[in-house]
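Engineer: Below: one structure in structure tokens.
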Amino acid sequence: MRIHPWSLLPGVLLLVLAGCSTTPRQGADGAAVDGATGTPGGGAGAEVSTAGIDGEDARYAGPWEDPANPLSKRVIYFGYDNAEIAPEYVALIRTHARYLGTHPQVRVTLEGHTDERGTREYNLALSDQRADSVRRVMLAEGVRADQLEVIGYGEERPASPGQSESSWRLNRRVVIEY
Amino acid sequence: MTRSISSLLILCAFLAVLLPGTALARLNIEITGGVEAAQPIAVVPFGFAGGGSASVDPGAVIAADLARTGRFAPMPTRDMLDQPTSHEEVDLRDWRLLDMNNLVIGQVVREGARYRISFILYDVFRGERLAGATLTATAAGLRNAAHRIADQIHETLTGIPGVAATRIAYISATGRGENARVTLQVADADGYNPQVIVSSTEPIMSPAWSPDGRRIAYVSFESRRPAIYVQELASGRRERVASYPGINSSPAFSPDGRRLAMTLSKDGNPEIYVLDLDSRALTRLTDHFAIDTEPAWSPDGSHLVFTSGRGGNPQIYRVPASGGAVSRVSFEGDYNASPVYAPDGRSIAMARRINGAFRIALLDVERGFSRLLSRGPLDESPSFAPNSSMVIYATTHGGRAVLAAAAVDGGANQRLTQGTDQVREPAWSPMVQ
Amino acid sequence: MLQILRRDPGALYWSLGLHLLFALLLFVGVRFTQDASNGGDRPRVVQASVLGDPALSARVQEVRERLDPEARAEAERRAAEEAARLEAERRAAAEAARREAERQAAAARAEAERRAAEEAARREAERRAAEEAARREAERQAAAARAEAERQAAAARAEAERRAAEEAARREAERRAAAEAARREAERQAAAARAEAERRAAEEAARREAERRAAAEAARREAERQAAAARAEAERRAAEEAARREAERRAAEEAARREAERQAAAARQERIEREAEQMAELERQRFEDEIAREAERLEAEAAETETARRSPPVVAGGGGGGLSSAEQRQVDYYKGVIGDRVRQHFAYPPGMSEGLSVEFEVRVTSAGYIVPGSVAMQRSSGTPAFDQAALAALWRAEPLPVPSGALFDQFREFTFTFRP
């Protein structure tokens with residue numbers, strides 16, 4: 001066994017990603033040409049990070065942020081390699097569906113995730129199916145399609161980094177993001 | 001010593017022929033059932049002339065390249081009795097005493113900003129010069145020159161093109177949460193000389209080389225949704241080729257480089273599509289309510305293999321490139337995914353779950369049996385070297401994501417690491433022109 | 001049973017017929033068995049034997065009277081009277097017996113009739129009961145079938161309704177989806193058209209800008225190129241001059257070196273030739289010695305053969321053809337040992353040697369060493385690394401375990417074929 005040292009990263013290039021906002025599941029802009037980005041020495045700018053001033057940006061907390069409110073429960077967990085919603089989560093989804101039904105201006109993103117087992121691309125597809133399962137239940141409960149957006153993240157964003165079932169269980173999930 | 005003198009017995013051979021009654025029966029002996037073993041080769045540190053010193057010893061790079069193939073066992077330099085750097089200094093009898101089959105010598109001559117690198121490859125037992133050449137390079141190109149020499153030596157001795165001068169693309173990740181940074185990098189096949197070609201705070205996935213090695217397709221979540229980009233390596237220019245509703249993933253260039261297979265869920269469910277890069281025409285290849293993803297082209301472009309959950313669990317299936325009947329390919333194990341064809345078309349590598357562990361399996365396409373190349377427990381993303389002799393894949397070691405390479409014939413198995421980064425999704429480039 | 005009956009009404013008649021047959025057989029059978037076991041139970045038969053006694057005494061009297069003519073008339077009268085009385089008695093008895101028999105017959109008939117009637121009644125009752133049961137069962141089944149049919153009909157109706165509902169829902173969904181898709185498609189096309197227009201405009205602008213830049217760049221590059229060309233030309237000339245001088249210097253050095261080498265080589269060659277001559281002389285002497293020894297051995301053997309004519313002659317130059325079986329065994333043994341020794345050293349490169357083979361011809365000395373110039377590759381595998389591995393195995397196997405003495409003649413020349 002021979003270990004080959006990889007030299008340290010060269011200067012990190014940051015990309016400026018122009019025109020990034022697409023309207024998912026609705027706007028189908030098939031292809032677009034980006035400018036030359038990521039050229040060595042041609043990195044045209046840096047990532048912008050903003051910071052709010054303390055106390056100034058207080059905003060209304062939605063009911064989903066109130067721990068006492070049933071809407072605060074926003075995660076649906078799934079079985080391994082499975083996109084079916086377990087019966088115990090139907091009530092949770094209905095709760096959100098009722099709220100969305102009475103608040104048609106509110107939009108949510110359904111973020112699907114998987115654990116790290118299995119291949120990344122298959123997991124991406126699986127996470128998409130999980131989020132879509134939740135979406136279909138919500139549509140059946142009367143939520144309007146334009147209130148719902150679905151994103152599959154696959155195994156790219158684990159909630160818990162461990163490599164055991166206790167972590168994996170927490171990672172197989174769909175999060176309802178308001 | 002007797003042997004060095006006995007090398008003069010050549011005339012005796014003539015005598016033996018001339019003397020009547022001595023040349024008698026000729027015995028035929030057939031030798032079979034030897035063992036497979038790395039072949040002993042001596043790569044002498046290269047000489048250097050022209051002032052200053054070379055930052056790189058091409059000899060050391062060549063030796064490491066040859067060792068990595070699993071077919072050669074370079075001699076440690078400390079065991080060398082002599083270190084010749086020119087043909088005049090070579091006495092092959094010394095190397096025969098050291099049991100070397102082959103000898104490589106060479107030198108680097110600095111000429112201004114450029115270097116001339118020359119080498120000679122010898123067959124020790126037959127006393128022949130098998131190959132030799134001179135290359136020129138800049139200081140930055142010295143390693144590449146050494147890789148090319150290693151490839152020439154490999155091809156001369158084995159008849160198989162070497163892959164030391166090829167490259168590897170992979171995803172590297174550091175930090176978590178707010179500090180997470182994901183990069184797509186391209187490095188030499190030995191892990192040196194890494195260059196970042198895309199960097200993002202959002203996930204990047206699935207790098208795939210074009211057949212000419214000039215472009216890389218990948219999936220980026222930079223718009224907070226997965227989209228497929230094709231980027232030109234030399235200029236950094238790129239194009240977003242797929243950004244449909246739902247997932248856009250698993251890009252794979254066709255062998256002619258004109259089409260891109262991919263997975264889209266725009267019609268409600270992950271299915272395999274082929275995008276014509278010239279006309280932008282999109283053709284749907286699969287239609288099933290289960291997941292269909294991870295397409296990979298056969299080397300002749302006639303069909304694709306892909307992962308599908310249609311049988312209840314993920315398995316490998318194939319479909320004609322123009323669409324049509326789908327047939328199952330993998331039958332062992334309850335989870336087979338991310339198939340990839342060997343460039344010679346003789347085998348398909350895939351990630352397989354066995355007793356709960358994910359390992360890289362190699363399926364012999366013609367004979368239908370398969371064997372395991374890796375030990376798990378979380379191995380995935382296999383990618384073939386362009387000469388079909390090795391598979392690089394993602395694995396874990398000490399809790400970290402690293403890359404590993406395994407010889408297809410079961411020889412060498414090595415690990416490639418990079419600092420403290422999590423490294424994954426390797427993609428081996430085609431042959432470099 | 002009932003099902004059988006229902007399925008085949010004839011079976012009922014068969015069954016009844018069989019029952020009757022058995023009943024009949026039962027009566028007949030009783031008579032048989034009772035006759036065979038004990039006749040005392042049947043008074044009618046006893047009476048028949050009683051009736052026989054007066055007849056016998058009457059016949060005795062008759063014989064007696066026939067023998068006595070005197071008394072014959074009296075006897076005849078008496079006999080007539082007696083006969084009349086007897087006749088009367090007999091008649092009365094016969095009448096009584098007849099009546100009794102009639103009575104008993106009537107009783108038996110009555111009894112039989114009663115039993116038959118009872119049996120018939122019982123059978124009738126059973127038949128009716130069976131019929132009743134069959135009827136009830138049939139009714140029950142009919143009812144069940146009716147119920148099942150109703151249930152199925154209801155289910156089918158429900159299924160049909162459900163399907164219809166689903167179909168309607170699906171159609172509605174499809175219609176909505178189609179409408180939605182159409183709307184989206186329209187939106188998408190509009191957006192695409194907008195985007196396309198924007199993109200074209202942007203591209204046009206970009207193209208113009210690029211062209212402008214390219215023109216500027218080209219001008220700059222051209223200027224640079226010319227400057228560079230001038231520089232390069234100057235450098236090239238200087239370099240050429242330097243190269244020429246260097247080449248001259250090198251040529252001179254090279255010539256000197258070559259001359260030195262030539263002289264060294266000549267000296268070495270001379271030395272080698274000298275050594276070779278010496279070696280050759282030694283070897284020649286050795287060969288001659290060996291031949292002499294061999295000749296002696298052959299003579300000795302020939303002498304032996306003379307005495308024992310049956311053993312086959314040993315032919316030295318027979319190419320193995322003239323070997324005795326014992327010698328052939330020896331040859332085979334040494335072939336195996338030599339093959340094993342070479343095989344131990346045969347390590348070929350992994351993963352590329354399938355189907356390869358290479359062939360070498362070699363000669364060896366009596367000590368088992370390879371004669372250096374004698375190795376000839378007859379057929380290459382086409383893969384140098386494989387050929388080298390085979391050749392290396394030969395050299396590393398030195399000294400080969402060849403036999404000594406006369407048998408060595410069989411081991412001077414070899415053809416080795418190597419396969420994975």
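A note on labels: chains of the structure tokens are A, B, ... as shown, every chain counts residues from 1, and ligands are counted from 1 in their shown order.
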Show which residues sit within 8 Å of region 136-141 of chain A, as a ChimeraX atom specification. Count only C-alpha atoms, and ignore same-chain residues fewer than 5 positions away.

Structural biologist: /A:93-94,97-98

Engineer: Keeping all heavy atoms for every residue in the selection just given, could you write it to a file as a compact mmCIF listing (two decimals), in the first residue's frame?

Structural biologist:
# COMPACT_ATOMS: atom_id res chain seq x y z
N ILE A 93 -48.27 16.05 8.05
CA ILE A 93 -48.38 16.66 6.72
C ILE A 93 -49.72 17.38 6.57
O ILE A 93 -49.80 18.49 6.05
CB ILE A 93 -48.20 15.59 5.62
CG1 ILE A 93 -46.80 14.97 5.73
CG2 ILE A 93 -48.40 16.19 4.24
CD1 ILE A 93 -46.60 13.76 4.85
N ARG A 94 -50.79 16.76 7.12
CA ARG A 94 -52.11 17.38 7.02
C ARG A 94 -52.16 18.71 7.75
O ARG A 94 -52.79 19.67 7.31
CB ARG A 94 -53.17 16.44 7.62
CG ARG A 94 -53.56 15.34 6.64
CD ARG A 94 -54.86 14.68 7.06
NE ARG A 94 -55.17 13.63 6.11
CZ ARG A 94 -55.53 12.40 6.45
NH1 ARG A 94 -55.65 12.08 7.73
NH2 ARG A 94 -55.79 11.50 5.53
N ALA A 97 -50.65 21.07 5.54
CA ALA A 97 -51.50 21.27 4.37
C ALA A 97 -52.67 22.19 4.71
O ALA A 97 -53.04 23.06 3.92
CB ALA A 97 -52.00 19.92 3.87
N ARG A 98 -53.27 22.00 5.92
CA ARG A 98 -54.39 22.86 6.31
C ARG A 98 -53.94 24.32 6.42
O ARG A 98 -54.61 25.23 5.97
CB ARG A 98 -54.97 22.38 7.64
CG ARG A 98 -56.10 21.37 7.46
CD ARG A 98 -56.96 21.27 8.70
NE ARG A 98 -56.20 20.82 9.86
CZ ARG A 98 -55.93 19.53 10.11
NH1 ARG A 98 -56.35 18.60 9.29
NH2 ARG A 98 -55.25 19.19 11.17

Engineer: For Tyr369 (chain C), list every protein, DNA or RNA residue within 12 Å, evaluated using only C-alpha atoms, and leave out those in the same chain fewer than 3 positions away; present the list as a PyMOL selection string.

Structural biologist: (chain B and resi 2-3+6-7+9) or (chain C and resi 362-366+372-375+394-402+411-413)

Engineer: Any idea which chain C residues end up within 6 Å of chain B if we count only C-alpha atoms, as a ChimeraX atom specification please?

Structural biologist: /C:276,280,317,319,343,346-351,372-373,383-385,410,413-420

Engineer: Show which residues sit within 9 Å of Gln129 (chain A), as a PDB file with N, CA, C and O atoms, in the first residue's frame. Count only C-alpha atoms, and ignore same-chain residues fewer than 2 positions away.

Structural biologist:
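Below you can see selection.pdb, which holds the result:
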ATOM      1  N   ASN A  82     -36.392   3.903   0.683  1.00  0.00           N
ATOM      2  CA  ASN A  82     -37.845   3.886   0.646  1.00  0.00           C
ATOM      3  C   ASN A  82     -38.350   5.322   0.546  1.00  0.00           C
ATOM      4  O   ASN A  82     -37.837   6.215   1.213  1.00  0.00           O
ATOM      5  N   ALA A  83     -39.358   5.553  -0.283  1.00  0.00           N
ATOM      6  CA  ALA A  83     -39.910   6.898  -0.441  1.00  0.00           C
ATOM      7  C   ALA A  83     -41.367   6.948   0.013  1.00  0.00           C
ATOM      8  O   ALA A  83     -42.075   7.897  -0.299  1.00  0.00           O
ATOM      9  N   GLU A  84     -41.805   5.918   0.742  1.00  0.00           N
ATOM     10  CA  GLU A  84     -43.199   5.908   1.183  1.00  0.00           C
ATOM     11  C   GLU A  84     -43.337   6.590   2.531  1.00  0.00           C
ATOM     12  O   GLU A  84     -42.502   6.425   3.413  1.00  0.00           O
ATOM     13  N   GLY A 112     -35.790  16.980   0.071  1.00  0.00           N
ATOM     14  CA  GLY A 112     -35.587  15.551   0.294  1.00  0.00           C
ATOM     15  C   GLY A 112     -34.120  15.230   0.538  1.00  0.00           C
ATOM     16  O   GLY A 112     -33.241  15.860  -0.040  1.00  0.00           O
ATOM     17  N   LEU A 124     -29.732  10.842  -4.954  1.00  0.00           N
ATOM     18  CA  LEU A 124     -30.330  12.116  -5.392  1.00  0.00           C
ATOM     19  C   LEU A 124     -31.737  11.861  -5.927  1.00  0.00           C
ATOM     20  O   LEU A 124     -32.691  12.562  -5.580  1.00  0.00           O
ATOM     21  N   ALA A 125     -31.855  10.828  -6.734  1.00  0.00           N
ATOM     22  CA  ALA A 125     -33.170  10.484  -7.281  1.00  0.00           C
ATOM     23  C   ALA A 125     -34.130  10.062  -6.166  1.00  0.00           C
ATOM     24  O   ALA A 125     -35.302  10.441  -6.156  1.00  0.00           O
ATOM     25  N   LEU A 126     -33.595   9.301  -5.210  1.00  0.00           N
ATOM     26  CA  LEU A 126     -34.436   8.822  -4.106  1.00  0.00           C
ATOM     27  C   LEU A 126     -34.940   9.995  -3.259  1.00  0.00           C
ATOM     28  O   LEU A 126     -36.105  10.048  -2.865  1.00  0.00           O
ATOM     29  N   SER A 127     -34.055  10.972  -3.000  1.00  0.00           N
ATOM     30  CA  SER A 127     -34.466  12.124  -2.195  1.00  0.00           C
ATOM     31  C   SER A 127     -35.532  12.924  -2.938  1.00  0.00           C
ATOM     32  O   SER A 127     -36.461  13.458  -2.321  1.00  0.00           O
ATOM     33  N   ALA A 131     -39.355  13.733  -1.482  1.00  0.00           N
ATOM     34  CA  ALA A 131     -39.982  15.055  -1.430  1.00  0.00           C
ATOM     35  C   ALA A 131     -41.257  15.074  -2.266  1.00  0.00           C
ATOM     36  O   ALA A 131     -42.260  15.686  -1.887  1.00  0.00           O
ATOM     37  N   ASP A 132     -41.221  14.350  -3.371  1.00  0.00           N
ATOM     38  CA  ASP A 132     -42.399  14.311  -4.235  1.00  0.00           C
ATOM     39  C   ASP A 132     -43.553  13.563  -3.567  1.00  0.00           C
ATOM     40  O   ASP A 132     -44.725  13.905  -3.771  1.00  0.00           O
ATOM     41  N   SER A 133     -43.225  12.560  -2.747  1.00  0.00           N
ATOM     42  CA  SER A 133     -44.275  11.847  -2.008  1.00  0.00           C
ATOM     43  C   SER A 133     -45.023  12.813  -1.094  1.00  0.00           C
ATOM     44  O   SER A 133     -46.256  12.806  -1.024  1.00  0.00           O
ATOM     45  N   VAL A 134     -44.258  13.639  -0.393  1.00  0.00           N
ATOM     46  CA  VAL A 134     -44.883  14.604   0.519  1.00  0.00           C
ATOM     47  C   VAL A 134     -45.719  15.601  -0.284  1.00  0.00           C
ATOM     48  O   VAL A 134     -46.838  15.965   0.101  1.00  0.00           O
ATOM     49  N   GLY A 152     -34.446  17.722  -4.345  1.00  0.00           N
ATOM     50  CA  GLY A 152     -33.742  16.558  -3.805  1.00  0.00           C
ATOM     51  C   GLY A 152     -32.281  16.920  -3.606  1.00  0.00           C
ATOM     52  O   GLY A 152     -31.657  17.464  -4.511  1.00  0.00           O
TER      53      GLY A 152
ATOM     54  N   GLY B 268     -41.857  14.198 -13.768  1.00  0.00           N
ATOM     55  CA  GLY B 268     -42.446  13.696 -12.540  1.00  0.00           C
ATOM     56  C   GLY B 268     -41.681  12.581 -11.878  1.00  0.00           C
ATOM     57  O   GLY B 268     -41.956  12.254 -10.738  1.00  0.00           O
ATOM     58  N   ASN B 269     -40.735  11.990 -12.578  1.00  0.00           N
ATOM     59  CA  ASN B 269     -40.058  10.822 -12.031  1.00  0.00           C
ATOM     60  C   ASN B 269     -38.677  10.731 -12.683  1.00  0.00           C
ATOM     61  O   ASN B 269     -38.534  11.038 -13.856  1.00  0.00           O
ATOM     62  N   PRO B 270     -37.649  10.307 -11.932  1.00  0.00           N
ATOM     63  CA  PRO B 270     -36.310  10.248 -12.541  1.00  0.00           C
ATOM     64  C   PRO B 270     -36.245   9.256 -13.699  1.00  0.00           C
ATOM     65  O   PRO B 270     -36.476   8.060 -13.517  1.00  0.00           O
ATOM     66  N   ILE B 291     -37.252   4.607  -9.916  1.00  0.00           N
ATOM     67  CA  ILE B 291     -36.107   5.458 -10.230  1.00  0.00           C
ATOM     68  C   ILE B 291     -35.280   4.841 -11.363  1.00  0.00           C
ATOM     69  O   ILE B 291     -34.962   3.659 -11.321  1.00  0.00           O
TER      70      ILE B 291
END

Engineer: Please determine, counting only C-alpha atoms, which residue among B:Pro430, B:Gly419, B:Gly376, B:Pro295 has the shortest atom-to-atom distance to Ala173 (chain B).

Structural biologist: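 The answer is B:Gly419, which sits nearest to Ala173 (chain B).
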
Engineer: May I ask which of the residues B:Val340, B:Met431, B:Ala242, B:Val274 is the closest one to chain A, counting only C-alpha atoms?

Structural biologist: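 Ranking B:Val340, B:Met431, B:Ala242, B:Val274 by distance to chain A, first place goes to B:Ala242.
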
Engineer: Would you mind writing down, as number ranges by chain, each residue of region 223-405 of chain C that DSSP on the backbone assigns to alpha helix (DSSP H)?

Structural biologist: C: 223-307, 325-344, 384-396

Engineer: May I have a table of the residues of chain C lying at most 8 Å from chain A, giving each one's closest pair of atoms and their distance in Å to one decimal, counting only C-alpha atoms, ordered by chain and ascending residue number, as JSON lines?

Structural biologist:
{"residue": "C:Arg184", "atom": "CA", "partner": "A:Gln26", "partner_atom": "CA", "distance": 7.5}
{"residue": "C:Arg188", "atom": "CA", "partner": "A:Ala28", "partner_atom": "CA", "distance": 6.5}
{"residue": "C:Ala192", "atom": "CA", "partner": "A:Asp29", "partner_atom": "CA", "distance": 6.9}

Engineer: Keeping only N, CA, C and O atoms, write the selected residues as a short mmCIF file (atom, residue, chain, number, x, y, z; two decimals), in the first residue's frame.

Structural biologist:
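Contents of again.cif, as written:
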data_model
loop_
_atom_site.label_atom_id
_atom_site.label_comp_id
_atom_site.auth_asym_id
_atom_site.auth_seq_id
_atom_site.Cartn_x
_atom_site.Cartn_y
_atom_site.Cartn_z
N ARG C 184 -48.44 25.87 -19.11
CA ARG C 184 -47.01 25.96 -18.81
C ARG C 184 -46.20 26.05 -20.08
O ARG C 184 -45.24 26.79 -20.17
N ARG C 188 -43.82 28.66 -20.97
CA ARG C 188 -42.41 28.32 -21.19
C ARG C 188 -41.96 28.86 -22.54
O ARG C 188 -40.89 29.44 -22.67
N ALA C 192 -39.28 31.28 -23.10
CA ALA C 192 -38.15 30.87 -23.93
C ALA C 192 -37.92 31.89 -25.04
O ALA C 192 -36.78 32.27 -25.33
#
